[in-house]
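**Student:** My file is entry.txt. It has compact mmCIF, C-alpha atoms:
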# COMPACT_ATOMS: atom_id res chain seq x y z
CA MET A 1 99.00 128.23 48.96
CA SER A 2 98.70 129.68 52.46
CA LEU A 3 96.24 128.20 54.94
CA PHE A 4 96.01 130.59 57.88
CA LEU A 5 96.63 133.93 56.18
CA PRO A 6 93.22 134.41 54.50
CA ILE A 7 91.41 134.03 57.82
CA LEU A 8 93.95 136.15 59.70
CA LYS A 9 93.40 138.81 57.04
CA LYS A 10 89.61 138.54 57.28
CA ASN A 11 89.77 138.87 61.05
CA ARG A 12 91.93 142.04 60.77
CA LEU A 13 94.92 140.42 62.47
CA LEU A 14 97.33 141.46 59.71
CA ASP A 15 96.38 145.14 59.76
CA ASN A 16 99.49 146.20 61.68
CA ILE A 17 101.96 144.05 59.76
CA HIS A 18 104.20 145.56 57.08
CA MET A 19 106.09 142.90 55.13
CA THR A 20 109.34 143.74 53.30
CA ILE A 21 110.81 141.40 50.70
CA CYS A 22 114.16 141.54 48.92
CA ASN A 23 114.57 139.50 45.73
CA VAL A 24 118.17 139.34 44.48
CA GLY A 25 118.20 138.11 40.91
CA SER A 26 114.70 139.35 40.23
CA ARG A 27 114.42 138.77 36.48
CA LYS A 28 110.81 137.67 35.87
CA ILE A 29 110.74 134.59 33.66
CA ASP A 30 107.32 133.18 34.53
CA SER A 31 104.42 133.78 36.93
CA ASP A 32 106.27 132.11 39.81
CA ASP A 33 108.76 134.98 39.72
CA ASP A 34 106.01 137.49 40.50
CA TYR A 35 105.63 137.71 44.26
CA ALA A 36 102.05 138.94 44.10
CA SER A 37 101.08 135.83 42.14
CA ARG A 38 102.59 133.70 44.90
CA GLY A 39 100.32 135.08 47.61
CA TRP A 40 102.33 137.94 49.10
CA GLN A 41 99.78 140.49 47.87
CA ILE A 42 97.67 139.55 50.89
CA PHE A 43 99.77 142.09 52.85
CA ALA A 44 99.00 144.93 50.43
CA PRO A 45 99.07 147.84 50.79
CA ASN A 46 101.48 147.10 53.67
CA LEU A 47 103.96 145.37 51.37
CA SER A 48 107.33 146.49 50.01
CA ILE A 49 109.29 144.49 47.43
CA TYR A 50 112.81 145.38 46.29
CA GLY A 51 114.14 143.49 43.28
CA PHE A 52 117.76 143.55 42.13
CA ASP A 53 119.17 142.39 38.81
CA ALA A 54 122.30 143.30 36.90
CA ASP A 55 120.24 143.36 33.70
CA ALA A 56 118.85 146.89 33.39
CA ASP A 57 116.43 145.87 30.63
CA ALA A 58 114.89 143.18 32.85
CA CYS A 59 114.41 145.75 35.62
CA ASP A 60 112.84 148.23 33.21
CA GLU A 61 110.40 145.59 31.97
CA ALA A 62 109.40 144.68 35.52
CA ASN A 63 108.89 148.32 36.54
CA ILE A 64 106.83 149.08 33.42
CA ASP A 65 104.66 146.04 34.08
CA LEU A 66 104.05 147.20 37.66
CA GLU A 67 103.03 150.65 36.43
CA ILE A 68 100.62 149.15 33.89
CA ARG A 69 99.06 146.94 36.57
CA GLN A 70 98.70 149.86 39.01
CA VAL A 71 99.60 147.65 41.95
CA ASN A 72 98.57 148.77 45.44
CA TRP A 73 101.89 147.98 47.12
CA ASN A 74 105.41 149.38 46.88
CA GLU A 75 107.59 147.41 44.44
CA LYS A 76 110.58 148.48 42.42
CA HIS A 77 113.35 146.70 40.56
CA ILE A 78 116.84 148.19 40.74
CA PRO A 79 119.49 147.56 38.06
CA VAL A 80 122.26 146.86 40.53
CA ALA A 81 124.47 143.80 41.08
CA LEU A 82 124.72 142.86 44.75
CA GLY A 83 127.80 141.17 46.11
CA LYS A 84 129.98 140.91 49.18
CA GLU A 85 131.67 144.29 48.77
CA ILE A 86 131.50 147.58 46.92
CA GLU A 87 133.99 146.73 44.19
CA SER A 88 134.61 146.06 40.51
CA ARG A 89 133.78 142.55 39.34
CA THR A 90 133.58 140.71 36.05
CA LEU A 91 130.08 139.71 34.98
CA TYR A 92 130.08 136.61 32.78
CA VAL A 93 127.08 136.84 30.45
CA THR A 94 126.00 133.46 29.13
CA LYS A 95 124.15 132.44 25.97
CA ASN A 96 121.01 132.22 28.07
CA PRO A 97 121.10 135.35 30.29
CA ILE A 98 119.46 133.52 33.22
CA CYS A 99 122.77 131.68 33.78
CA SER A 100 124.94 134.83 33.87
CA SER A 101 127.12 135.09 36.97
CA LEU A 102 129.95 136.84 38.78
CA TYR A 103 131.71 133.47 38.46
CA SER A 104 132.83 132.07 35.11
CA PRO A 105 130.99 128.97 33.84
CA ASN A 106 132.80 125.68 34.39
CA ILE A 107 132.38 124.62 30.77
CA PRO A 108 134.46 121.38 30.86
CA TYR A 109 132.16 120.15 33.61
CA VAL A 110 128.76 121.41 32.45
CA LYS A 111 129.22 120.07 28.90
CA ARG A 112 129.04 116.58 30.40
CA LEU A 113 125.50 117.27 31.63
CA ASP A 114 122.37 117.18 29.51
CA GLY A 115 121.46 120.55 28.00
CA LEU A 116 123.56 122.74 30.30
CA SER A 117 126.31 123.85 27.94
CA LYS A 118 123.89 125.51 25.50
CA LEU A 119 122.54 127.54 28.43
CA MET A 120 125.85 128.31 30.12
CA ASN A 121 128.31 128.81 27.26
CA LEU A 122 129.89 132.22 27.61
CA ASP A 123 128.59 134.97 25.32
CA PHE A 124 130.71 137.88 26.59
CA SER A 125 132.00 139.42 29.80
CA LEU A 126 132.12 142.96 31.12
CA GLU A 127 133.31 144.86 34.16
CA ILE A 128 130.61 146.08 36.55
CA LYS A 129 130.37 147.63 39.98
CA THR A 130 128.81 145.63 42.78
CA THR A 131 127.40 146.98 46.01
CA THR A 132 126.06 145.29 49.13
CA LEU A 133 122.54 144.88 50.42
CA ASP A 134 123.60 146.49 53.69
CA HIS A 135 124.88 149.57 51.86
CA PHE A 136 121.72 149.84 49.76
CA CYS A 137 119.48 149.58 52.83
CA GLU A 138 121.51 152.23 54.63
CA GLU A 139 121.37 154.58 51.62
CA GLU A 140 117.61 154.08 51.19
CA CYS A 141 116.79 154.14 54.94
CA ILE A 142 115.34 150.62 54.80
CA ASN A 143 115.28 149.35 58.36
CA GLU A 144 114.34 145.73 57.81
CA ILE A 145 114.13 142.95 55.25
CA ASP A 146 111.78 140.23 56.50
CA PHE A 147 112.22 137.75 53.66
CA LEU A 148 115.28 137.46 51.44
CA GLN A 149 115.40 135.46 48.21
CA ILE A 150 118.69 135.05 46.36
CA ASP A 151 119.22 133.43 42.97
CA VAL A 152 122.39 134.75 41.35
CA GLN A 153 124.01 131.68 39.83
CA GLY A 154 126.81 130.75 42.18
CA ALA A 155 127.34 134.18 43.77
CA ASP A 156 124.63 133.68 46.38
CA LEU A 157 127.02 133.43 49.33
CA ASP A 158 128.62 136.70 48.18
CA VAL A 159 125.25 138.42 48.59
CA LEU A 160 124.83 136.96 52.08
CA GLN A 161 128.29 138.17 53.07
CA GLY A 162 127.29 141.69 52.05
CA SER A 163 124.09 141.48 54.10
CA LEU A 164 125.36 140.78 57.62
CA LYS A 165 123.73 143.77 59.29
CA THR A 166 120.41 143.14 57.55
CA LEU A 167 120.44 139.44 58.41
CA ASN A 168 121.28 140.05 62.06
CA CYS A 169 118.79 142.84 62.61
CA SER A 170 115.66 141.74 60.83
CA THR A 171 115.65 138.84 58.37
CA LEU A 172 113.36 135.97 59.35
CA ALA A 173 113.62 133.65 56.34
CA VAL A 174 115.90 133.08 53.36
CA GLN A 175 115.21 131.25 50.12
CA ILE A 176 118.48 130.74 48.30
CA GLU A 177 119.71 128.82 45.28
CA VAL A 178 122.50 126.42 46.17
CA GLU A 179 124.75 124.26 44.02
CA PHE A 180 126.06 120.86 45.00
CA SER A 181 128.65 120.65 42.20
CA PRO A 182 130.82 123.41 40.69
CA LEU A 183 128.79 124.65 37.75
CA TYR A 184 130.88 127.83 37.98
CA ASN A 185 134.59 128.05 38.62
CA ASN A 186 135.60 128.59 42.27
CA GLN A 187 132.00 129.12 43.35
CA PRO A 188 130.82 128.44 46.93
CA LEU A 189 128.75 125.26 47.23
CA PHE A 190 125.82 124.21 49.42
CA ALA A 191 128.04 123.30 52.37
CA ASP A 192 129.50 126.82 52.43
CA VAL A 193 126.07 128.49 52.29
CA ASP A 194 124.63 126.13 54.89
CA THR A 195 127.53 126.72 57.31
CA PHE A 196 127.17 130.47 56.90
CA LEU A 197 123.42 130.59 57.52
CA ARG A 198 123.56 128.22 60.49
CA LYS A 199 126.19 130.50 62.01
CA TYR A 200 123.55 133.26 61.93
CA ASP A 201 120.86 131.05 63.52
CA PHE A 202 118.91 130.03 60.43
CA SER A 203 117.59 126.47 60.25
CA LEU A 204 117.30 124.50 57.02
CA PHE A 205 113.68 123.47 56.50
CA ASP A 206 113.73 122.00 53.00
CA ILE A 207 115.43 121.84 49.60
CA ALA A 208 113.65 121.79 46.24
CA PRO A 209 116.18 119.76 44.21
CA SER A 210 117.10 119.81 40.52
CA TYR A 211 118.80 116.94 38.74
CA ARG A 212 120.52 116.44 35.40
CA LEU A 213 121.40 113.34 33.41
CA ARG A 214 124.66 112.86 31.54
CA GLU A 215 124.88 114.31 28.05
CA ASN A 216 124.15 112.09 25.02
CA LEU A 217 123.99 108.75 26.81
CA PRO A 218 121.26 106.24 25.87
CA ILE A 219 120.35 104.85 29.28
CA CYS A 220 119.34 106.13 32.70
CA SER A 221 117.90 104.67 35.88
CA ASP A 222 114.19 104.52 36.59
CA LYS A 223 115.02 105.17 40.26
CA ARG A 224 117.29 108.20 39.91
CA SER A 225 116.73 111.42 37.96
CA GLY A 226 120.43 111.93 37.43
CA GLN A 227 122.88 113.87 39.59
CA LEU A 228 121.70 116.38 42.17
CA LEU A 229 123.21 119.65 40.94
CA TRP A 230 121.34 122.56 42.45
CA GLY A 231 118.19 123.49 44.31
CA ASP A 232 116.32 126.14 46.26
CA ALA A 233 117.10 125.88 49.96
CA PHE A 234 114.57 127.24 52.46
CA TYR A 235 115.90 128.60 55.75
CA LEU A 236 113.78 130.00 58.58
CA ARG A 237 114.63 131.22 62.04
CA ASP A 238 113.49 129.14 64.99
CA LEU A 239 112.26 131.90 67.27
CA LEU A 240 110.95 129.37 69.78
CA ARG A 241 114.50 128.42 70.72
CA GLU A 242 115.44 129.66 74.16
CA ASP A 243 118.93 130.72 73.04
CA ILE A 244 117.83 132.83 70.08
CA ASN A 245 118.61 136.56 69.92
CA GLU A 246 115.97 138.31 72.04
CA HIS A 247 115.53 141.33 69.75
CA LEU A 248 113.99 139.04 67.12
CA LYS A 249 111.51 137.43 69.54
CA SER A 250 108.99 140.27 69.69
CA PRO A 251 105.37 139.27 69.07
CA GLU A 252 105.38 141.27 65.84
CA LYS A 253 108.45 139.46 64.51
CA MET A 254 107.02 136.09 65.49
CA LEU A 255 103.74 136.86 63.74
CA LYS A 256 105.66 137.83 60.59
CA LEU A 257 107.57 134.56 60.79
CA ALA A 258 104.32 132.59 61.14
CA CYS A 259 102.98 134.38 58.05
CA ILE A 260 106.12 133.66 56.02
CA ALA A 261 106.10 130.01 57.10
CA ASP A 262 102.47 129.74 55.99
CA LEU A 263 103.25 131.27 52.59
CA MET A 264 106.19 128.90 52.17
CA SER A 265 103.90 125.92 52.94
CA PHE A 266 105.49 125.12 56.30
CA THR A 267 102.00 125.01 57.74
CA ASP A 268 102.83 123.05 60.88
CA TYR A 269 105.54 125.53 61.87
CA SER A 270 103.19 128.44 61.23
CA LEU A 271 100.61 126.85 63.50
CA GLU A 272 103.19 126.16 66.21
CA ILE A 273 104.14 129.85 66.28
CA LEU A 274 100.52 131.07 66.29
CA VAL A 275 99.68 128.79 69.20
CA TYR A 276 102.76 129.96 71.10
CA LEU A 277 101.89 133.61 70.52
CA THR A 278 98.32 133.03 71.69
CA ARG A 279 99.39 131.27 74.87
CA GLN A 280 102.04 133.91 75.65
CA ASN A 281 100.16 137.05 74.59
CA GLY A 282 96.53 136.02 74.33
CA GLU A 283 95.30 138.80 76.58
CA ASP A 284 96.23 141.22 73.80
CA PRO A 285 93.58 140.97 71.03
CA SER A 286 96.27 141.67 68.42
CA TYR A 287 98.02 138.41 69.31
CA ASN A 288 95.12 136.18 70.21
CA PHE A 289 94.82 133.80 67.27
CA ALA A 290 92.67 131.14 68.92
CA ASN A 291 89.46 131.88 67.02
CA SER A 292 91.31 132.19 63.70
CA ILE A 293 93.14 128.90 64.26
CA ILE A 294 89.91 127.08 65.12
CA GLU A 295 88.14 128.64 62.13
CA THR A 296 90.97 127.46 59.89
CA LEU A 297 91.00 123.93 61.28
CA ALA A 298 87.22 123.77 60.87
CA GLN A 299 87.72 123.88 57.09
CA PHE A 300 88.77 120.23 57.34
CA SER A 301 85.62 118.18 57.74
CA TYR A 302 87.45 115.14 59.09
CA LEU A 303 88.77 117.22 61.99
CA VAL A 304 85.29 118.50 62.78
CA ASP A 305 83.81 115.00 62.47
CA HIS A 306 86.35 113.62 64.91
CA GLY A 307 85.85 116.54 67.29
CA LEU A 308 87.90 119.72 67.10
CA GLU A 309 87.62 120.10 70.84
CA SER A 310 89.59 116.87 71.35
CA LEU A 311 92.65 118.11 69.47
CA PRO A 312 95.55 118.89 71.82
CA VAL A 313 96.28 122.10 69.95
CA VAL A 314 92.70 123.29 70.51
CA GLN A 315 92.71 122.24 74.16
CA GLN A 316 95.79 124.42 74.66
CA MET A 317 93.80 127.46 73.48
CA ARG A 318 90.42 126.84 75.11
CA ASP A 319 90.79 129.76 77.48
CA TYR A 320 91.45 132.15 74.58
CA ALA A 321 88.74 130.99 72.15
CA SER A 322 85.12 132.09 71.91
CA ASN A 323 84.05 130.27 68.76
CA LEU A 324 84.74 126.61 69.56
CA HIS A 325 81.05 125.91 70.17
CA LEU A 326 80.33 126.78 66.54
CA TYR A 327 82.29 123.78 65.31
CA THR A 328 81.51 121.06 67.85
CA ASN A 329 79.33 118.11 66.95
CA LYS A 330 75.73 118.41 68.12
Translate this structure into structure tokens?

**Tutor:**
Amino acid sequence: MSLFLPILKKNRLLDNIHMTICNVGSRKIDSDDDYASRGWQIFAPNLSIYGFDADADACDEANIDLEIRQVNWNEKHIPVALGKEIESRTLYVTKNPICSSLYSPNIPYVKRLDGLSKLMNLDFSLEIKTTTLDHFCEEECINEIDFLQIDVQGADLDVLQGSLKTLNCSTLAVQIEVEFSPLYNNQPLFADVDTFLRKYDFSLFDIAPSYRLRENLPICSDKRSGQLLWGDAFYLRDLLREDINEHLKSPEKMLKLACIADLMSFTDYSLEILVYLTRQNGEDPSYNFANSIIETLAQFSYLVDHGLESLPVVQQMRDYASNLHLYTNK
């Protein structure tokens, strides 16, 4: 849950922000797969969401649901497989469609792991056409993707490789599924994805790990949950670095990054950016966040009781704030 965004929204500091999200592998399985339910609707109506999935039925279901809900933002799901090139590829459809991939399942390996083979056993395969995110954005005149999520079962690096222009020009954060062991044959692993994203100036902030035990064995450790196999890796740009590409360091881009960091629960990083923006651009009311920051911090009674005015972060913004007196001890 975001901390700063509700107050930034209330104080009209998000009015000029348009957030664009791309979700590759957008099949909606539960509520966590719906971006609006995860807090992004706070940008509506200035919100665009593009979902991609090779399963046309899943895209149809998502689009019908959006029409029924009469959402007040732009969202559409496109039945297209994204990859590294415009080419023909084999899609390996598994018994559970959520494990389908452009890479064939590594069945001899996954059958050793609890419950995976019944999900990943091959059902059938077919030839499909893939395109790239860069090509799609060019065709649709989409100028920027602020947040990119990729979950395509081992082909995630392929999608990144087909998104170089988009990544370089606009993308501020990436959430991507990574594997640490070859669940699919010849697939790129975490080290490959990490090397690629670091090359394009993304910093790893966290990994939400998933573990599996061995199949049909009667004992396991009470200290380990099994082998680390995959996880969601969270990458954000560090726009406070002095050597970062200057075209991404505009106040608008930095504000977007602070918002994304807040939504992704990197609250400290969000605050660091908001303070920086205030100190660098505080004479512009659109980028003076001092009052909103203090109002947010004042929600924590222990900070108020110990004196908000004594916090170094508040002292840095004294000259830009007009509401500090409302939260000081009498």

**Student:** Name the residues within 10 Å of (103.9, 138.4, 69.7), counting all atoms listed in the file in the file's coordinates, and put them as a PyMOL selection string.

**Tutor:** chain A and resi 249-256+273-274+276-282+284+286-288

**Student:** Could I get the residues of range 99-173 of chain A with an atom no further than 10 Å from an atom of range 35-51 of chain A, each paired with its nearest atom pair and that distance in Å to one decimal, using all atoms listed in the file, sorted by chain and residue number, as JSON lines?

**Tutor:**
{"residue": "A:Ile145", "atom": "CA", "partner": "A:Ser48", "partner_atom": "CA", "distance": 9.3}
{"residue": "A:Phe147", "atom": "CA", "partner": "A:Ile49", "partner_atom": "CA", "distance": 9.6}
{"residue": "A:Leu148", "atom": "CA", "partner": "A:Tyr50", "partner_atom": "CA", "distance": 9.8}
{"residue": "A:Gln149", "atom": "CA", "partner": "A:Gly51", "partner_atom": "CA", "distance": 9.5}

**Student:** Can those selected residues be exported to a file as an mmCIF file, keeping the file's coordinate frame so that it contains C-alpha atoms?

**Tutor:**
data_model
loop_
_atom_site.group_PDB
_atom_site.id
_atom_site.type_symbol
_atom_site.label_atom_id
_atom_site.label_comp_id
_atom_site.auth_asym_id
_atom_site.auth_seq_id
_atom_site.Cartn_x
_atom_site.Cartn_y
_atom_site.Cartn_z
ATOM 1 C CA ILE A 145 114.130 142.950 55.250
ATOM 2 C CA PHE A 147 112.220 137.750 53.660
ATOM 3 C CA LEU A 148 115.280 137.460 51.440
ATOM 4 C CA GLN A 149 115.400 135.460 48.210
#

**Student:** Between A:Asn291, A:Phe196, A:Thr131, A:Leu213, which has the minimum distance to Asn323 in chain A (counting only C-alpha atoms)?

**Tutor:**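 The answer is A:Asn291, which sits nearest to Asn323 in chain A.
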
**Student:** Any idea what's packed within 12 Å of Asn216 in chain A, counting all atoms listed in the file, ignoring anything in its chain fewer than 6 positions away? Could you give it as number ranges by chain?

**Tutor:** A: 111-116

**Student:** Rank A:Cys99, A:Cys220, A:Ala155, A:Met1 by their smallest atom-to-atom distance to Met120 in chain A, using only C-alpha atoms, and report the top residue only.

**Tutor:** A:Cys99

**Student:** How close does each residue of range 54-154 of chain A get to range 164-178 of chain A, giving the shortest atom pair and distance in Å to one decimal for every residue with an atom at most 9 Å away, counting all atoms listed in the file, sorted by chain and residue number, as JSON lines?

**Tutor:**
{"residue": "A:Leu133", "atom": "CA", "partner": "A:Thr166", "partner_atom": "CA", "distance": 7.6}
{"residue": "A:Asp134", "atom": "CA", "partner": "A:Thr166", "partner_atom": "CA", "distance": 6.0}
{"residue": "A:Cys137", "atom": "CA", "partner": "A:Thr166", "partner_atom": "CA", "distance": 8.0}
{"residue": "A:Asn143", "atom": "CA", "partner": "A:Ser170", "partner_atom": "CA", "distance": 8.0}
{"residue": "A:Glu144", "atom": "CA", "partner": "A:Ser170", "partner_atom": "CA", "distance": 5.2}
{"residue": "A:Ile145", "atom": "CA", "partner": "A:Thr171", "partner_atom": "CA", "distance": 5.4}
{"residue": "A:Asp146", "atom": "CA", "partner": "A:Thr171", "partner_atom": "CA", "distance": 4.5}
{"residue": "A:Phe147", "atom": "CA", "partner": "A:Ala173", "partner_atom": "CA", "distance": 5.1}
{"residue": "A:Leu148", "atom": "CA", "partner": "A:Val174", "partner_atom": "CA", "distance": 4.8}
{"residue": "A:Gln149", "atom": "CA", "partner": "A:Gln175", "partner_atom": "CA", "distance": 4.6}
{"residue": "A:Ile150", "atom": "CA", "partner": "A:Ile176", "partner_atom": "CA", "distance": 4.7}
{"residue": "A:Asp151", "atom": "CA", "partner": "A:Glu177", "partner_atom": "CA", "distance": 5.2}
{"residue": "A:Val152", "atom": "CA", "partner": "A:Glu177", "partner_atom": "CA", "distance": 7.6}
{"residue": "A:Gln153", "atom": "CA", "partner": "A:Glu177", "partner_atom": "CA", "distance": 7.5}
{"residue": "A:Gly154", "atom": "CA", "partner": "A:Val178", "partner_atom": "CA", "distance": 7.3}

**Student:** Just want the 9 Å neighbourhood of Asp262 in chain A, counted on all atoms listed in the file, with same-chain residues fewer than 2 positions away dropped. Output as a list of chain:residue names.

**Tutor:**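 That gives A:Met1, A:Ser2, A:Leu3, A:Phe4, A:Leu5, A:Leu257, A:Ala258, A:Cys259, A:Ile260, A:Met264, A:Ser265, A:Phe266, A:Thr267, A:Asp268, A:Tyr269, A:Ser270, A:Leu271.
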
**Student:** Could you save those same residues with C-alpha atoms as a PDB file, keeping the file's coordinate frame?

**Tutor:**
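Wrote it out as again-v6.pdb, contents follow:
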ATOM      1  CA  MET A   1      99.000 128.230  48.960  1.00  0.00           C
ATOM      2  CA  SER A   2      98.700 129.680  52.460  1.00  0.00           C
ATOM      3  CA  LEU A   3      96.240 128.200  54.940  1.00  0.00           C
ATOM      4  CA  PHE A   4      96.010 130.590  57.880  1.00  0.00           C
ATOM      5  CA  LEU A   5      96.630 133.930  56.180  1.00  0.00           C
ATOM      6  CA  LEU A 257     107.570 134.560  60.790  1.00  0.00           C
ATOM      7  CA  ALA A 258     104.320 132.590  61.140  1.00  0.00           C
ATOM      8  CA  CYS A 259     102.980 134.380  58.050  1.00  0.00           C
ATOM      9  CA  ILE A 260     106.120 133.660  56.020  1.00  0.00           C
ATOM     10  CA  MET A 264     106.190 128.900  52.170  1.00  0.00           C
ATOM     11  CA  SER A 265     103.900 125.920  52.940  1.00  0.00           C
ATOM     12  CA  PHE A 266     105.490 125.120  56.300  1.00  0.00           C
ATOM     13  CA  THR A 267     102.000 125.010  57.740  1.00  0.00           C
ATOM     14  CA  ASP A 268     102.830 123.050  60.880  1.00  0.00           C
ATOM     15  CA  TYR A 269     105.540 125.530  61.870  1.00  0.00           C
ATOM     16  CA  SER A 270     103.190 128.440  61.230  1.00  0.00           C
ATOM     17  CA  LEU A 271     100.610 126.850  63.500  1.00  0.00           C
TER      18      LEU A 271
END

**Student:** Leaving out Ile244 in chain A and any residue of its chain fewer than 4 positions from it, which residues lie within 12 Å of it when counting all atoms listed in the file, given as a CSV table (one decimal) with C-alpha atoms, in the coordinates of the input?

**Tutor:**
chain,number,residue,atom,x,y,z
A,168,ASN,CA,121.3,140.0,62.1
A,199,LYS,CA,126.2,130.5,62.0
A,200,TYR,CA,123.6,133.3,61.9
A,201,ASP,CA,120.9,131.0,63.5
A,202,PHE,CA,118.9,130.0,60.4
A,203,SER,CA,117.6,126.5,60.2
A,237,ARG,CA,114.6,131.2,62.0
A,238,ASP,CA,113.5,129.1,65.0
A,239,LEU,CA,112.3,131.9,67.3
A,240,LEU,CA,111.0,129.4,69.8
A,248,LEU,CA,114.0,139.0,67.1
A,249,LYS,CA,111.5,137.4,69.5
A,250,SER,CA,109.0,140.3,69.7

**Student:** At a cut-off of 7 Å, using only C-alpha atoms, what residues contact Ala290 in chain A? Leave out same-chain residues fewer than 5 positions from it and give the result as an NGL selection string.

**Tutor:** :A and (278 or 317 or 320-321)

**Student:** Atoms to include: C-alpha atoms. Write the selected residues as a PDB file, in the coordinates of the input.

**Tutor:**
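Once everything was written out, this is out-v5.pdb:
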ATOM      1  CA  THR A 278      98.320 133.030  71.690  1.00  0.00           C
ATOM      2  CA  MET A 317      93.800 127.460  73.480  1.00  0.00           C
ATOM      3  CA  TYR A 320      91.450 132.150  74.580  1.00  0.00           C
ATOM      4  CA  ALA A 321      88.740 130.990  72.150  1.00  0.00           C
TER       5      ALA A 321
END

**Student:** Determine the nearest neighbour of Ile21 in chain A from the options A:Lys76, A:Lys129, A:Lys9, A:Lys118, counting all atoms listed in the file.

**Tutor:**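 The closest residue to Ile21 in chain A is A:Lys76.
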
**Student:** Separation of CA of Tyr184 in chain A and CA of Ser100 in chain A, in Å?

**Tutor:**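 We find that CA of Tyr184 in chain A and CA of Ser100 in chain A lie 10.1 Å from each other.
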
**Student:** Rounded to one decimal place, report the CA of Tyr327 in chain A-CA of Ile7 in chain A distance in Å.

**Tutor:**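 Interatomic distance, CA of Tyr327 in chain A to CA of Ile7 in chain A: 15.6 Å.
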
**Student:** To one decimal place in Å, what is the distance between CA of Phe52 in chain A and CA of Leu157 in chain A?

**Tutor:**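 Separation between CA of Phe52 in chain A and CA of Leu157 in chain A: 15.5 Å.
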